[in-house]
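Participant: Take this structure, written in structure tokens, and hold onto it; I'll ask about it next.
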Amino acid sequence: MFKHKNVLLILTLLFMPLVLIAITFVLFYHQYNVFPDSSKWCIWDCGWYNGMREHGYIYKAGQQNNLAFFPLFPLVWKLLSVGNIGIGIVNYCVFTLATFFLAIHYHIATKTIIVFMAVGLSFFFMIPYTESFFFLGSVLIMLGFNKNNYLYLVIGALIAIGTRSASMIFLLSFVVILLLAFMQQKKWHEIKIILFTMLTVFLVNVMVFAYQYQQTDRFFGFFEAHQYWDHHLRWPKLVHISWHKPVALTENFALLIGIFCKLILVTYFLNILCNKFKWSNPLSRIFIIEGNFSNADLFALLYLSGGTLFILLYQQESLASINRYVLSTPFYLILLHLLSIKKIQIKVKPIILLGLAVMLSFTISHSHIEHKFLMVLAITLTTTTVFLTLPNTTKFYKIVNNVTCFSGILLQGFLFHYFISGNWVG
């Protein structure tokens, strides 16, 4: 049975890119009467990575420059000496390997992997972007937590932080995990591994800045560069904006996942306090959390919660890239897994949850009516995704499951086509 599950998992991971590429090629050919060439794979952020691969870091005063990006991915790309399609294949192999290890260790059901691949944004693992390497590094950190393996933690931090500037989110997540460890009076070896991970992430970040300094003589050039993308700390706005309609759907979806994780974490923290002082938790009428979360589980939920908050704090009203920073991560897969094994249970009926979320959309959605509509669609997608992972064998459930997964794959195929046509997607 275990081997049979592995075969299904491998077939799922191999089949999905073929489906998405087929849909994308059909849509592209229908619009342009020609199939896309390899140059279509490298646009937007890929241009920065390609420039770093060819020329390294270059500081340009008073304008956008590549110090805003971290170096590991372009260095690997340069070492492999492959083209746009080649590095896309490498990226997907890295993602497949990381997903397989995570699924085997966590005993993640193939059904949950299918939901993740269909409803998330898995096409980002096939292009010259950093998602796959960040995915692998994050998986190794979570496995290091669960296995108490320091080598996994070091390699994971090197890959994840060397690839993407997520150290602030990581460090704050570890601080919360550390505080909870003290509150729950965990053993010293569990606290020590959290402290070790925090130190490792910090040192890797310093190494990146030192590498940038070695090439440009600017140690904090990363922060300066981000000013030219209008990324700086400020109060977020209740309304938000997106680039265009199809992308807005996935960005609204990612934002709602972040809000959902915040509610789960608040419920969990209140459970700990209420158990300590013999109080009743009012949120237990909405969520039931069975037992305690592992450090890896907490890390996943804290990243999804903190990552969405950081984007709002640094981009104020813009949700640009929030979709892939949430949906194209192993943390989103862990959330789906926790729901599928009923570690997190929702007591509110779906129709009530949907109604409350629609009301929420009128406070955080953009004023244009089409964005209101897309927010409602995103809420529907969020609600159905949450309940898709719950065990059920009714005919209605199977219909909803199949329709949602099929619709998600079509949406990804359309967005993939939109991307290689030169449009911003995430």
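Within each chain, counting starts at residue 1; across the structure tokens, chains are named A, B, ... in the order shown, with ligands numbered 1 upward in that order.
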What are the DSSP alpha helix (DSSP H) residues of segment 110-188 of chain A, as a PDB file with C-alpha atoms, in the first residue's frame?
Facilitator:
```
ATOM      1  CA  THR A 110      -1.795  12.153  -2.607  1.00  0.00           C
ATOM      2  CA  LYS A 111      -5.253  13.782  -2.638  1.00  0.00           C
ATOM      3  CA  THR A 112      -3.815  16.708  -0.651  1.00  0.00           C
ATOM      4  CA  ILE A 113      -0.875  16.996  -3.068  1.00  0.00           C
ATOM      5  CA  ILE A 114      -3.345  17.125  -5.973  1.00  0.00           C
ATOM      6  CA  VAL A 115      -5.322  19.931  -4.277  1.00  0.00           C
ATOM      7  CA  PHE A 116      -2.049  21.809  -3.640  1.00  0.00           C
ATOM      8  CA  MET A 117      -0.883  21.387  -7.236  1.00  0.00           C
ATOM      9  CA  ALA A 118      -4.267  22.344  -8.687  1.00  0.00           C
ATOM     10  CA  VAL A 119      -5.390  25.190  -6.442  1.00  0.00           C
ATOM     11  CA  GLU A 131      10.218  29.299  -5.912  1.00  0.00           C
ATOM     12  CA  SER A 132      11.704  25.793  -6.228  1.00  0.00           C
ATOM     13  CA  PHE A 133      14.909  26.485  -4.318  1.00  0.00           C
ATOM     14  CA  PHE A 134      13.051  28.389  -1.610  1.00  0.00           C
ATOM     15  CA  PHE A 135      10.619  25.444  -1.423  1.00  0.00           C
ATOM     16  CA  LEU A 136      13.491  22.965  -0.964  1.00  0.00           C
ATOM     17  CA  GLY A 137      15.255  25.065   1.681  1.00  0.00           C
ATOM     18  CA  SER A 138      12.039  25.566   3.642  1.00  0.00           C
ATOM     19  CA  VAL A 139      11.271  21.828   3.508  1.00  0.00           C
ATOM     20  CA  LEU A 140      14.724  21.017   4.902  1.00  0.00           C
ATOM     21  CA  ILE A 141      14.219  23.473   7.778  1.00  0.00           C
ATOM     22  CA  MET A 142      10.881  21.854   8.678  1.00  0.00           C
ATOM     23  CA  LEU A 143      12.387  18.369   8.458  1.00  0.00           C
ATOM     24  CA  GLY A 144      15.298  19.573  10.603  1.00  0.00           C
ATOM     25  CA  PHE A 145      12.833  20.685  13.278  1.00  0.00           C
ATOM     26  CA  ASN A 146      10.958  17.389  13.262  1.00  0.00           C
ATOM     27  CA  LYS A 147      14.065  15.189  13.137  1.00  0.00           C
ATOM     28  CA  TYR A 150      21.177  20.288  12.651  1.00  0.00           C
ATOM     29  CA  LEU A 151      22.608  19.512   9.224  1.00  0.00           C
ATOM     30  CA  TYR A 152      19.162  19.785   7.618  1.00  0.00           C
ATOM     31  CA  LEU A 153      18.664  23.127   9.359  1.00  0.00           C
ATOM     32  CA  VAL A 154      21.989  24.537   8.145  1.00  0.00           C
ATOM     33  CA  ILE A 155      21.542  23.380   4.550  1.00  0.00           C
ATOM     34  CA  GLY A 156      17.906  24.486   4.556  1.00  0.00           C
ATOM     35  CA  ALA A 157      18.780  27.971   5.842  1.00  0.00           C
ATOM     36  CA  LEU A 158      21.596  28.300   3.283  1.00  0.00           C
ATOM     37  CA  ILE A 159      19.236  27.426   0.428  1.00  0.00           C
ATOM     38  CA  ALA A 160      16.093  29.276   1.587  1.00  0.00           C
ATOM     39  CA  ILE A 161      17.733  32.502   2.800  1.00  0.00           C
ATOM     40  CA  GLY A 162      20.419  32.397   0.127  1.00  0.00           C
ATOM     41  CA  THR A 163      17.594  32.367  -2.409  1.00  0.00           C
ATOM     42  CA  SER A 167      14.979  36.198   7.005  1.00  0.00           C
ATOM     43  CA  MET A 168      12.838  38.776   8.847  1.00  0.00           C
ATOM     44  CA  ILE A 169       9.711  36.604   8.554  1.00  0.00           C
ATOM     45  CA  PHE A 170      11.714  33.507   9.519  1.00  0.00           C
ATOM     46  CA  LEU A 171      13.355  35.137  12.543  1.00  0.00           C
ATOM     47  CA  LEU A 172      10.130  36.593  13.932  1.00  0.00           C
ATOM     48  CA  SER A 173       8.450  33.199  13.451  1.00  0.00           C
ATOM     49  CA  PHE A 174      11.254  31.543  15.410  1.00  0.00           C
ATOM     50  CA  VAL A 175      10.923  34.134  18.200  1.00  0.00           C
ATOM     51  CA  VAL A 176       7.235  33.224  18.579  1.00  0.00           C
ATOM     52  CA  ILE A 177       8.074  29.498  18.518  1.00  0.00           C
ATOM     53  CA  LEU A 178      10.733  30.106  21.180  1.00  0.00           C
ATOM     54  CA  LEU A 179       8.303  31.987  23.442  1.00  0.00           C
ATOM     55  CA  LEU A 180       5.781  29.168  23.106  1.00  0.00           C
ATOM     56  CA  ALA A 181       8.495  26.640  23.943  1.00  0.00           C
ATOM     57  CA  PHE A 182       9.186  28.474  27.205  1.00  0.00           C
ATOM     58  CA  MET A 183       5.462  28.783  27.970  1.00  0.00           C
ATOM     59  CA  TRP A 188      16.298  22.227  26.602  1.00  0.00           C
TER      60      TRP A 188
END
```
Participant: Which residues come within 9 Å of Val76 of chain A, counting only C-alpha atoms, excluding same-chain residues fewer than 5 positions away, as a PDB file with C-alpha atoms, in the first residue's frame?
Facilitator:
```
ATOM      1  CA  ARG A  53      24.055  35.177 -13.653  1.00  0.00           C
ATOM      2  CA  PRO A  71      22.274  35.399  -5.115  1.00  0.00           C
ATOM      3  CA  SER A  81      25.267  26.581 -17.824  1.00  0.00           C
TER       4      SER A  81
END
```
Participant: Choose the residue, out of A:Phe287, A:Trp44, A:Phe15, A:Trp229, that has the smallest atom-to-atom separation from Tyr92 of chain A; count only C-alpha atoms.
Facilitator: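 Result for the nearest residue to Tyr92 of chain A: A:Phe15.
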Participant: Given only C-alpha atoms as the basis, pick out the residue of A:Pro17, A:Gly62, A:Gly291, A:Gly83 nearest to Ala225 of chain A.
Facilitator: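 Checking each of A:Pro17, A:Gly62, A:Gly291, A:Gly83 against Ala225 of chain A, counting only C-alpha atoms, the winner is A:Gly62.
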Participant: Measure the distance from atom CA of Ile409 of chain A to atom CA of Leu20 of chain A in Å and round it to one decimal.
Facilitator: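 Separating atom CA of Ile409 of chain A from atom CA of Leu20 of chain A is a distance of 7.1 Å.
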Participant: Please provide as an NGL selection string all residues within 9 Å of segment 270-285 of chain A, with the sequence filter that same-chain residues fewer than 6 positions apart are discarded (counting only C-alpha atoms).
Facilitator: :A and (180 or 183-184 or 263 or 346-348)
Participant: Would you compute the distance between atom CA of Pro74 of chain A and atom CA of Gln215 of chain A? Give it in Å to one decimal.
Facilitator: 14.7 Å
Participant: Could you list, as a VMD selection string, every residue within 10 Å of segment 331-337 of chain A, counting only C-alpha atoms and ignoring same-chain residues fewer than 6 positions away?
Facilitator: chain A and resid 99 102 to 103 106 to 109 111 to 113 115 to 117 120 135 138 to 139 142 254 257 to 258 261 296 to 304 325 343 to 344 385 to 390
Participant: Near segment 37-39 of chain A, within 10 Å and counting only C-alpha atoms, which residues show up once chain neighbours fewer than 6 positions away are dropped, as a count of residues only?
Facilitator: 5
Participant: How many Å lie between atom CA of Ile104 of chain A and atom CA of Ile259 of chain A, rounded to one decimal?
Facilitator: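 Separating atom CA of Ile104 of chain A from atom CA of Ile259 of chain A is a distance of 28.6 Å.
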Participant: Could you give me, as a count of residues only, the residues within 10 Å of Phe125 of chain A, counting only C-alpha atoms and dropping anything in the same chain fewer than 3 positions from it?
Facilitator: 21
Participant: Can you list, as a VMD selection string, all residues belonging to segment 247-355 of chain A that DSSP tags as strand (DSSP E or B)?
Facilitator: chain A and resid 287 to 289 318 344 to 346
